[in-house]
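Colleague: Before anything else, here's the structure in question.
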Amino acid sequence: MGMLISNEPDFMIHDVLHYQLFGQDLYLTTTTIGMWIITIIILLLAILASRTMKKASDVPGVFQNVLEYAYEMLDKMAAGILGGYSKRFVNYIGTIFLFILFCNLSGLLGLRAPTADFGVTFLLGMFTFFIVNYQGIKNRKVRHFTSLFEPTPILFPINLIGELANPLSISLRLFANLLSGVIIMGLWYGMMPILLDIGIPAALHIYCDVFSGCIQTYVFCMLTMVYINDKME
Amino acid sequence: MNGISGQDFIFGCSAIGAGLAMIAGIGPGVGQGIAAGHGASAVGRNPGARSDITSTMLLGQAVAETTGLYGLVVAIILMFVKPFTA
């Protein structure tokens, strides 16, 4: 039986390069390289898209059609939650939507999904946190802080924890979903006999990478918009 | 207990703890099932609002899933980070 086991299960983040900066031990990990690859892919897509849209025709070609459909979908998603404010946030929401979507789908390319690293998702969660609080202070001034004491001052600690838990919960949700997918795929490729590596992983990839990844992208953007919308009036 | 070092004992207990932490998976399973059932009956009553109902249901399910994922994170930390070994 030992001959048939393909290799050891492997779903950890690996160090590619070790260097020192300002006396700190820093590592270039597989996450960083995955993010570079995804950034390059998104950049190429963006350049191609802007070229296509500059000479856009009344009768759209295939690529122009896909671009218009994607933009309309993003616009509709933002307008559904944010309503009249959606014009101000659709750029940011669209950017993180594309980034998280490509990160989640990168498991199909054989990369370890960068969003399965808490360093990445926590930063995305902190972006949400800062945008939400900036909008809260900008739109509600002092009421942003006094609303923590509503309905009674006794509830202040619970309200405060509720506010602070938001970035943690959305980042942990994205991270844990992707991590569970990465672990399942790593275990399957590592533990199963080689014969079972043909065909069956495709079904697992459909669920763990495509389905779960798309849902979590949607949920992350949706929740970011819901939190922002709470602070708008 | 002869032949088992303190380190091994902690690893074993961590594995048991990780298994116990995954009991947290029960709650989200029940909650998501209830949400999906109500979503299905809502679509049955009003098939025109299918896309709205589906997106609301998925959002609610993803939020309900969070507690189970906390359990998963605790289990993974116990298994791979080994916080109780000095």
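Each chain in the structure tokens gets a letter, A, B, ..., in the order shown, and its residues are numbered from 1; ligands are numbered from 1 in order too.
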How close does chain A get to chain B? List, as a tab-separated table, each residue of chain A within 10 Å, its nearest atom pair and the distance in Å to one decimal, counting only C-alpha atoms.

Modeller:
residue	atom	partner	partner_atom	distance
A:Met12	CA	B:Phe80	CA	9.6
A:Gly80	CA	B:Asp52	CA	9.7
A:Ser169	CA	B:Thr66	CA	7.3
A:Ile170	CA	B:Thr66	CA	8.5
A:Leu172	CA	B:Tyr70	CA	7.7
A:Arg173	CA	B:Thr66	CA	5.8
A:Leu174	CA	B:Thr66	CA	9.4
A:Phe175	CA	B:Leu69	CA	9.1
A:Ala176	CA	B:Leu69	CA	5.9
A:Asn177	CA	B:Leu69	CA	7.3
A:Leu179	CA	B:Val73	CA	9.2
A:Ser180	CA	B:Leu72	CA	8.2
A:Ile215	CA	B:Leu58	CA	7.7
A:Gln216	CA	B:Ala62	CA	7.6
A:Tyr218	CA	B:Leu59	CA	8.4
A:Val219	CA	B:Leu59	CA	5.9
A:Phe220	CA	B:Leu59	CA	9.3
A:Met222	CA	B:Leu59	CA	7.8
A:Leu223	CA	B:Leu59	CA	8.2

Colleague: What lies within 12 Å of Ala40 in chain B using only C-alpha atoms, ignoring chain neighbours under 3 positions off, as a VMD selection string?

Modeller: chain B and resid 33 to 37 43 to 47 49 to 51 53 to 54 57

Colleague: Which polymer residues have any atom within 12 Å of an atom of Asn159 in chain A, counting only C-alpha atoms, with same-chain residues fewer than 2 positions away left out, as a PyMOL selection string?

Modeller: chain A and resi 144-157+161-166

Colleague: Keeping only N, CA and C atoms, write the selected residues as a short mmCIF file (atom, residue, chain, number, x, y, z; two decimals), in the first residue's frame.

Modeller:
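Below is the file that was written, again01.cif:
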data_model
loop_
_atom_site.label_atom_id
_atom_site.label_comp_id
_atom_site.auth_asym_id
_atom_site.auth_seq_id
_atom_site.Cartn_x
_atom_site.Cartn_y
_atom_site.Cartn_z
N HIS A 144 -21.59 59.21 16.17
CA HIS A 144 -20.90 57.95 15.92
C HIS A 144 -20.43 57.32 17.23
N PHE A 145 -20.01 58.18 18.18
CA PHE A 145 -19.53 57.66 19.46
C PHE A 145 -20.67 57.54 20.46
N THR A 146 -21.60 58.51 20.45
CA THR A 146 -22.68 58.43 21.44
C THR A 146 -23.62 57.27 21.15
N SER A 147 -23.66 56.82 19.89
CA SER A 147 -24.57 55.71 19.58
C SER A 147 -24.10 54.43 20.25
N LEU A 148 -22.85 54.40 20.74
CA LEU A 148 -22.40 53.23 21.48
C LEU A 148 -23.11 53.12 22.83
N PHE A 149 -23.64 54.27 23.32
CA PHE A 149 -24.30 54.26 24.64
C PHE A 149 -25.80 54.05 24.52
N GLU A 150 -26.28 53.78 23.31
CA GLU A 150 -27.71 53.54 23.13
C GLU A 150 -27.99 52.05 23.17
N PRO A 151 -29.14 51.58 23.58
CA PRO A 151 -30.22 52.36 24.19
C PRO A 151 -29.93 52.74 25.64
N THR A 152 -29.12 51.98 26.38
CA THR A 152 -28.76 52.38 27.74
C THR A 152 -27.25 52.33 27.87
N PRO A 153 -26.66 53.18 28.73
CA PRO A 153 -25.20 53.20 28.87
C PRO A 153 -24.63 51.88 29.36
N ILE A 154 -25.46 51.05 30.01
CA ILE A 154 -24.94 49.78 30.52
C ILE A 154 -24.46 48.90 29.37
N LEU A 155 -25.07 49.08 28.19
CA LEU A 155 -24.74 48.23 27.06
C LEU A 155 -23.46 48.66 26.34
N PHE A 156 -22.76 49.68 26.88
CA PHE A 156 -21.57 50.19 26.19
C PHE A 156 -20.53 49.11 25.89
N PRO A 157 -20.15 48.26 26.88
CA PRO A 157 -19.12 47.25 26.57
C PRO A 157 -19.55 46.32 25.46
N ILE A 161 -17.65 45.87 21.91
CA ILE A 161 -17.15 44.59 21.42
C ILE A 161 -17.79 44.26 20.07
N GLY A 162 -19.08 44.58 19.95
CA GLY A 162 -19.75 44.32 18.67
C GLY A 162 -19.11 45.08 17.52
N GLU A 163 -18.69 46.34 17.79
CA GLU A 163 -18.03 47.12 16.74
C GLU A 163 -16.65 46.54 16.41
N LEU A 164 -15.89 46.20 17.48
CA LEU A 164 -14.52 45.74 17.25
C LEU A 164 -14.48 44.33 16.66
N ALA A 165 -15.56 43.55 16.87
CA ALA A 165 -15.55 42.17 16.37
C ALA A 165 -15.83 42.09 14.88
N ASN A 166 -16.38 43.19 14.31
CA ASN A 166 -16.74 43.14 12.89
C ASN A 166 -15.56 42.80 11.98
#

Colleague: Compare A:Ile198, A:Leu160, A:Cys221, A:Leu82 by their minimum atom-to-atom distance to Phe127 in chain A, counting only C-alpha atoms, and give me the closest one.

Modeller: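 Comparing A:Ile198, A:Leu160, A:Cys221, A:Leu82 against Phe127 in chain A, the winner is A:Cys221.
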
Colleague: Quote the spacing between CA of Asp117 in chain A and CA of Ile96 in chain A in Å to one decimal place.

Modeller: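 Interatomic distance, CA of Asp117 in chain A to CA of Ile96 in chain A: 16.0 Å.
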
Colleague: Which residues are near Ile41 in chain A? Cut-off 12 Å, only C-alpha atoms, ignore same chain within fewer than 6 positions. Put them as a ChimeraX atom specification.

Modeller: /A:34-35,47-48,98-99,102-103,106,109

Colleague: May I have the residues from that selection written out with all heavy atoms, as a PDB file, in the first residue's frame?

Modeller:
ATOM      1  N   GLY A  34       1.974  34.109  -4.706  1.00  0.00           N
ATOM      2  CA  GLY A  34       0.637  33.948  -5.276  1.00  0.00           C
ATOM      3  C   GLY A  34      -0.026  35.284  -5.535  1.00  0.00           C
ATOM      4  O   GLY A  34      -0.663  35.499  -6.572  1.00  0.00           O
ATOM      5  N   MET A  35       0.156  36.240  -4.584  1.00  0.00           N
ATOM      6  CA  MET A  35      -0.455  37.554  -4.768  1.00  0.00           C
ATOM      7  C   MET A  35       0.190  38.311  -5.923  1.00  0.00           C
ATOM      8  O   MET A  35      -0.490  39.033  -6.642  1.00  0.00           O
ATOM      9  CB  MET A  35      -0.388  38.365  -3.481  1.00  0.00           C
ATOM     10  CG  MET A  35      -1.497  38.011  -2.524  1.00  0.00           C
ATOM     11  SD  MET A  35      -1.195  38.582  -0.881  1.00  0.00           S
ATOM     12  CE  MET A  35      -1.349  40.323  -1.101  1.00  0.00           C
ATOM     13  N   ILE A  47      -5.592  46.085 -18.395  1.00  0.00           N
ATOM     14  CA  ILE A  47      -5.057  46.767 -19.577  1.00  0.00           C
ATOM     15  C   ILE A  47      -5.821  46.348 -20.825  1.00  0.00           C
ATOM     16  O   ILE A  47      -6.245  47.184 -21.638  1.00  0.00           O
ATOM     17  CB  ILE A  47      -3.549  46.454 -19.721  1.00  0.00           C
ATOM     18  CG1 ILE A  47      -2.767  47.118 -18.583  1.00  0.00           C
ATOM     19  CG2 ILE A  47      -3.027  46.930 -21.054  1.00  0.00           C
ATOM     20  CD1 ILE A  47      -1.341  46.651 -18.487  1.00  0.00           C
ATOM     21  N   LEU A  48      -6.048  45.021 -20.912  1.00  0.00           N
ATOM     22  CA  LEU A  48      -6.792  44.497 -22.062  1.00  0.00           C
ATOM     23  C   LEU A  48      -8.203  45.081 -22.088  1.00  0.00           C
ATOM     24  O   LEU A  48      -8.716  45.477 -23.142  1.00  0.00           O
ATOM     25  CB  LEU A  48      -6.859  42.977 -21.956  1.00  0.00           C
ATOM     26  CG  LEU A  48      -6.759  42.182 -23.253  1.00  0.00           C
ATOM     27  CD1 LEU A  48      -5.342  42.306 -23.767  1.00  0.00           C
ATOM     28  CD2 LEU A  48      -7.103  40.735 -22.993  1.00  0.00           C
ATOM     29  N   LEU A  98     -12.805  41.829  -7.193  1.00  0.00           N
ATOM     30  CA  LEU A  98     -11.949  41.170  -8.186  1.00  0.00           C
ATOM     31  C   LEU A  98     -10.757  40.495  -7.510  1.00  0.00           C
ATOM     32  O   LEU A  98     -10.414  39.359  -7.822  1.00  0.00           O
ATOM     33  CB  LEU A  98     -11.447  42.188  -9.208  1.00  0.00           C
ATOM     34  CG  LEU A  98     -12.355  42.465 -10.387  1.00  0.00           C
ATOM     35  CD1 LEU A  98     -11.670  43.404 -11.340  1.00  0.00           C
ATOM     36  CD2 LEU A  98     -12.699  41.176 -11.091  1.00  0.00           C
ATOM     37  N   PHE A  99     -10.131  41.226  -6.569  1.00  0.00           N
ATOM     38  CA  PHE A  99      -8.941  40.661  -5.918  1.00  0.00           C
ATOM     39  C   PHE A  99      -9.275  39.381  -5.160  1.00  0.00           C
ATOM     40  O   PHE A  99      -8.614  38.354  -5.324  1.00  0.00           O
ATOM     41  CB  PHE A  99      -8.339  41.702  -4.974  1.00  0.00           C
ATOM     42  CG  PHE A  99      -7.148  41.207  -4.225  1.00  0.00           C
ATOM     43  CD1 PHE A  99      -5.950  41.017  -4.885  1.00  0.00           C
ATOM     44  CD2 PHE A  99      -7.219  40.907  -2.880  1.00  0.00           C
ATOM     45  CE1 PHE A  99      -4.851  40.540  -4.215  1.00  0.00           C
ATOM     46  CE2 PHE A  99      -6.125  40.437  -2.201  1.00  0.00           C
ATOM     47  CZ  PHE A  99      -4.937  40.248  -2.865  1.00  0.00           C
ATOM     48  N   PHE A 102     -10.214  36.457  -7.581  1.00  0.00           N
ATOM     49  CA  PHE A 102      -9.072  35.821  -8.244  1.00  0.00           C
ATOM     50  C   PHE A 102      -8.217  35.051  -7.242  1.00  0.00           C
ATOM     51  O   PHE A 102      -7.679  33.997  -7.565  1.00  0.00           O
ATOM     52  CB  PHE A 102      -8.232  36.861  -9.000  1.00  0.00           C
ATOM     53  CG  PHE A 102      -8.771  37.172 -10.358  1.00  0.00           C
ATOM     54  CD1 PHE A 102      -9.863  37.990 -10.503  1.00  0.00           C
ATOM     55  CD2 PHE A 102      -8.209  36.617 -11.488  1.00  0.00           C
ATOM     56  CE1 PHE A 102     -10.378  38.260 -11.749  1.00  0.00           C
ATOM     57  CE2 PHE A 102      -8.712  36.885 -12.738  1.00  0.00           C
ATOM     58  CZ  PHE A 102      -9.804  37.711 -12.870  1.00  0.00           C
ATOM     59  N   CYS A 103      -8.090  35.595  -6.020  1.00  0.00           N
ATOM     60  CA  CYS A 103      -7.341  34.863  -4.994  1.00  0.00           C
ATOM     61  C   CYS A 103      -8.012  33.529  -4.695  1.00  0.00           C
ATOM     62  O   CYS A 103      -7.355  32.497  -4.589  1.00  0.00           O
ATOM     63  CB  CYS A 103      -7.252  35.686  -3.710  1.00  0.00           C
ATOM     64  SG  CYS A 103      -6.041  36.976  -3.760  1.00  0.00           S
ATOM     65  N   SER A 106      -7.573  30.970  -7.361  1.00  0.00           N
ATOM     66  CA  SER A 106      -6.214  30.622  -7.753  1.00  0.00           C
ATOM     67  C   SER A 106      -5.867  29.193  -7.366  1.00  0.00           C
ATOM     68  O   SER A 106      -4.861  28.671  -7.838  1.00  0.00           O
ATOM     69  CB  SER A 106      -5.221  31.585  -7.130  1.00  0.00           C
ATOM     70  OG  SER A 106      -5.188  31.403  -5.738  1.00  0.00           O
ATOM     71  N   LEU A 109      -5.324  27.093 -10.289  1.00  0.00           N
ATOM     72  CA  LEU A 109      -4.054  27.183 -11.008  1.00  0.00           C
ATOM     73  C   LEU A 109      -2.956  26.407 -10.307  1.00  0.00           C
ATOM     74  O   LEU A 109      -1.809  26.417 -10.749  1.00  0.00           O
ATOM     75  CB  LEU A 109      -3.625  28.654 -11.137  1.00  0.00           C
ATOM     76  CG  LEU A 109      -4.576  29.591 -11.859  1.00  0.00           C
ATOM     77  CD1 LEU A 109      -4.031  31.004 -11.836  1.00  0.00           C
ATOM     78  CD2 LEU A 109      -4.764  29.141 -13.293  1.00  0.00           C
TER      79      LEU A 109
END

Colleague: Check chain B with DSSP on the backbone and list each residue it calls alpha helix (DSSP H), as a CSV table (one decimal) with N, CA and C atoms, in the first residue's frame.

Modeller:
chain,number,residue,atom,x,y,z
B,6,GLY,N,5.6,14.0,28.7
B,6,GLY,CA,4.7,15.1,28.9
B,6,GLY,C,4.3,15.8,27.6
B,7,GLN,N,5.3,15.9,26.7
B,7,GLN,CA,5.0,16.5,25.4
B,7,GLN,C,4.0,15.7,24.6
B,8,ASP,N,4.2,14.4,24.6
B,8,ASP,CA,3.3,13.5,23.9
B,8,ASP,C,1.9,13.6,24.5
B,9,PHE,N,1.8,13.6,25.8
B,9,PHE,CA,0.5,13.7,26.5
B,9,PHE,C,-0.2,15.0,26.0
B,10,ILE,N,0.5,16.1,26.0
B,10,ILE,CA,-0.1,17.4,25.6
B,10,ILE,C,-0.5,17.3,24.1
B,11,PHE,N,0.3,16.6,23.2
B,11,PHE,CA,-0.2,16.5,21.8
B,11,PHE,C,-1.5,15.7,21.7
B,12,GLY,N,-1.5,14.6,22.5
B,12,GLY,CA,-2.7,13.8,22.5
B,12,GLY,C,-3.9,14.6,23.0
B,13,CYS,N,-3.8,15.3,24.1
B,13,CYS,CA,-4.9,16.1,24.6
B,13,CYS,C,-5.3,17.2,23.6
B,14,SER,N,-4.3,17.7,22.9
B,14,SER,CA,-4.6,18.8,21.9
B,14,SER,C,-5.5,18.2,20.8
B,15,ALA,N,-5.1,16.9,20.4
B,15,ALA,CA,-5.9,16.3,19.3
B,15,ALA,C,-7.3,16.1,19.8
B,16,ILE,N,-7.5,15.6,21.1
B,16,ILE,CA,-8.8,15.4,21.6
B,16,ILE,C,-9.6,16.7,21.6
B,17,GLY,N,-8.9,17.8,22.1
B,17,GLY,CA,-9.5,19.1,22.2
B,17,GLY,C,-9.9,19.6,20.8
B,18,ALA,N,-9.1,19.3,19.8
B,18,ALA,CA,-9.5,19.7,18.4
B,18,ALA,C,-10.7,19.0,17.9
B,19,GLY,N,-10.8,17.7,18.3
B,19,GLY,CA,-12.0,17.0,17.9
B,19,GLY,C,-13.2,17.5,18.6
B,20,LEU,N,-13.1,17.9,19.9
B,20,LEU,CA,-14.2,18.4,20.7
B,20,LEU,C,-14.6,19.8,20.1
B,21,ALA,N,-13.6,20.6,19.7
B,21,ALA,CA,-13.9,21.9,19.2
B,21,ALA,C,-14.8,21.8,17.9
B,26,ILE,N,-22.2,21.5,14.6
B,26,ILE,CA,-23.6,21.1,14.7
B,26,ILE,C,-24.5,22.4,14.5
B,27,GLY,N,-24.1,23.4,15.3
B,27,GLY,CA,-25.0,24.6,15.3
B,27,GLY,C,-25.2,25.2,13.9
B,28,PRO,N,-24.1,25.6,13.2
B,28,PRO,CA,-24.3,26.1,11.8
B,28,PRO,C,-25.0,25.2,10.9
B,29,GLY,N,-24.8,23.9,11.0
B,29,GLY,CA,-25.5,22.9,10.2
B,29,GLY,C,-27.0,23.1,10.3
B,30,VAL,N,-27.5,23.1,11.6
B,30,VAL,CA,-28.9,23.2,11.9
B,30,VAL,C,-29.4,24.6,11.4
B,31,GLY,N,-28.6,25.6,11.7
B,31,GLY,CA,-29.0,27.0,11.3
B,31,GLY,C,-29.1,27.2,9.8
B,32,GLN,N,-28.1,26.6,9.1
B,32,GLN,CA,-28.2,26.8,7.6
B,32,GLN,C,-29.3,26.0,7.0
B,33,GLY,N,-29.6,24.8,7.6
B,33,GLY,CA,-30.7,24.0,7.2
B,33,GLY,C,-32.0,24.7,7.3
B,34,ILE,N,-32.2,25.4,8.5
B,34,ILE,CA,-33.5,26.1,8.7
B,34,ILE,C,-33.6,27.3,7.7
B,35,ALA,N,-32.4,28.0,7.5
B,35,ALA,CA,-32.5,29.1,6.6
B,35,ALA,C,-32.8,28.6,5.2
B,36,ALA,N,-32.2,27.5,4.7
B,36,ALA,CA,-32.5,27.0,3.4
B,36,ALA,C,-33.9,26.5,3.3
B,37,GLY,N,-34.5,25.9,4.3
B,37,GLY,CA,-35.9,25.5,4.3
B,37,GLY,C,-36.8,26.7,4.1
B,38,HIS,N,-36.6,27.7,4.9
B,38,HIS,CA,-37.4,28.9,4.8
B,38,HIS,C,-37.3,29.6,3.5
B,39,GLY,N,-36.0,29.6,3.0
B,39,GLY,CA,-35.8,30.1,1.6
B,39,GLY,C,-36.6,29.4,0.6
B,40,ALA,N,-36.6,28.0,0.7
B,40,ALA,CA,-37.3,27.2,-0.3
B,40,ALA,C,-38.8,27.5,-0.2
B,41,SER,N,-39.3,27.6,1.0
B,41,SER,CA,-40.8,27.9,1.1
B,41,SER,C,-41.1,29.3,0.6
B,42,ALA,N,-40.2,30.3,0.8
B,42,ALA,CA,-40.4,31.6,0.3
B,42,ALA,C,-40.4,31.7,-1.2
B,43,VAL,N,-39.5,30.9,-1.8
B,43,VAL,CA,-39.5,30.8,-3.3
B,43,VAL,C,-40.8,30.2,-3.8
B,44,GLY,N,-41.3,29.2,-3.0
B,44,GLY,CA,-42.5,28.5,-3.4
B,44,GLY,C,-43.7,29.5,-3.4
B,45,ARG,N,-43.7,30.4,-2.4
B,45,ARG,CA,-44.8,31.3,-2.2
B,45,ARG,C,-44.7,32.5,-3.3
B,50,ARG,N,-37.2,35.2,-6.6
B,50,ARG,CA,-36.2,34.2,-6.4
B,50,ARG,C,-34.8,34.7,-6.2
B,51,SER,N,-34.3,35.6,-7.0
B,51,SER,CA,-32.9,36.1,-6.9
B,51,SER,C,-32.7,36.8,-5.6
B,52,ASP,N,-33.6,37.7,-5.2
B,52,ASP,CA,-33.5,38.4,-3.9
B,52,ASP,C,-33.5,37.4,-2.8
B,53,ILE,N,-34.4,36.5,-2.8
B,53,ILE,CA,-34.4,35.5,-1.7
B,53,ILE,C,-33.1,34.7,-1.6
B,54,THR,N,-32.6,34.3,-2.8
B,54,THR,CA,-31.4,33.5,-2.8
B,54,THR,C,-30.2,34.3,-2.2
B,55,SER,N,-30.1,35.5,-2.6
B,55,SER,CA,-28.9,36.3,-2.1
B,55,SER,C,-29.1,36.6,-0.6
B,56,THR,N,-30.3,36.9,-0.1
B,56,THR,CA,-30.5,37.1,1.3
B,56,THR,C,-30.2,35.8,2.1
B,57,MET,N,-30.7,34.7,1.6
B,57,MET,CA,-30.4,33.4,2.2
B,57,MET,C,-29.0,33.1,2.3
B,58,LEU,N,-28.2,33.3,1.2
B,58,LEU,CA,-26.8,33.0,1.2
B,58,LEU,C,-26.1,33.8,2.2
B,59,LEU,N,-26.4,35.1,2.2
B,59,LEU,CA,-25.8,36.1,3.2
B,59,LEU,C,-26.0,35.6,4.6
B,60,GLY,N,-27.3,35.3,4.9
B,60,GLY,CA,-27.6,34.8,6.3
B,60,GLY,C,-26.9,33.5,6.6
B,61,GLN,N,-26.8,32.6,5.7
B,61,GLN,CA,-26.1,31.4,5.9
B,61,GLN,C,-24.7,31.6,6.2
B,62,ALA,N,-24.1,32.5,5.4
B,62,ALA,CA,-22.6,32.7,5.6
B,62,ALA,C,-22.3,33.3,6.9
B,63,VAL,N,-23.3,34.2,7.4
B,63,VAL,CA,-23.1,34.8,8.7
B,63,VAL,C,-23.2,33.7,9.8
B,64,ALA,N,-24.2,32.8,9.6
B,64,ALA,CA,-24.5,31.8,10.6
B,64,ALA,C,-23.3,30.8,10.7
B,66,THR,N,-20.3,31.4,10.7
B,66,THR,CA,-19.1,32.0,11.4
B,66,THR,C,-18.8,31.2,12.7
B,67,THR,N,-19.8,30.9,13.5
B,67,THR,CA,-19.5,30.2,14.8
B,67,THR,C,-18.8,28.9,14.5
B,68,GLY,N,-19.3,28.2,13.5
B,68,GLY,CA,-18.6,26.9,13.2
B,68,GLY,C,-17.2,27.1,12.7
B,69,LEU,N,-17.0,28.2,12.0
B,69,LEU,CA,-15.6,28.4,11.5
B,69,LEU,C,-14.7,28.8,12.7
B,70,TYR,N,-15.2,29.5,13.7
B,70,TYR,CA,-14.4,29.7,14.9
B,70,TYR,C,-14.0,28.4,15.5
B,71,GLY,N,-14.9,27.4,15.6
B,71,GLY,CA,-14.5,26.1,16.1
B,71,GLY,C,-13.4,25.5,15.2
B,72,LEU,N,-13.5,25.7,13.9
B,72,LEU,CA,-12.5,25.1,13.0
B,72,LEU,C,-11.2,25.8,13.2
B,73,VAL,N,-11.2,27.1,13.4
B,73,VAL,CA,-9.9,27.8,13.7
B,73,VAL,C,-9.3,27.3,15.0
B,74,VAL,N,-10.1,27.2,16.0
B,74,VAL,CA,-9.6,26.7,17.3
B,74,VAL,C,-9.0,25.3,17.1
B,75,ALA,N,-9.7,24.4,16.4
B,75,ALA,CA,-9.2,23.1,16.1
B,75,ALA,C,-7.8,23.1,15.4
B,76,ILE,N,-7.8,24.0,14.3
B,76,ILE,CA,-6.5,24.0,13.6
B,76,ILE,C,-5.4,24.6,14.4

Colleague: Rounded to one decimal in Å, what is the spacing between CA of Leu105 in chain A and CA of Phe11 in chain A?

Modeller: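 Taking CA of Leu105 in chain A and CA of Phe11 in chain A, their separation equals 16.1 Å.
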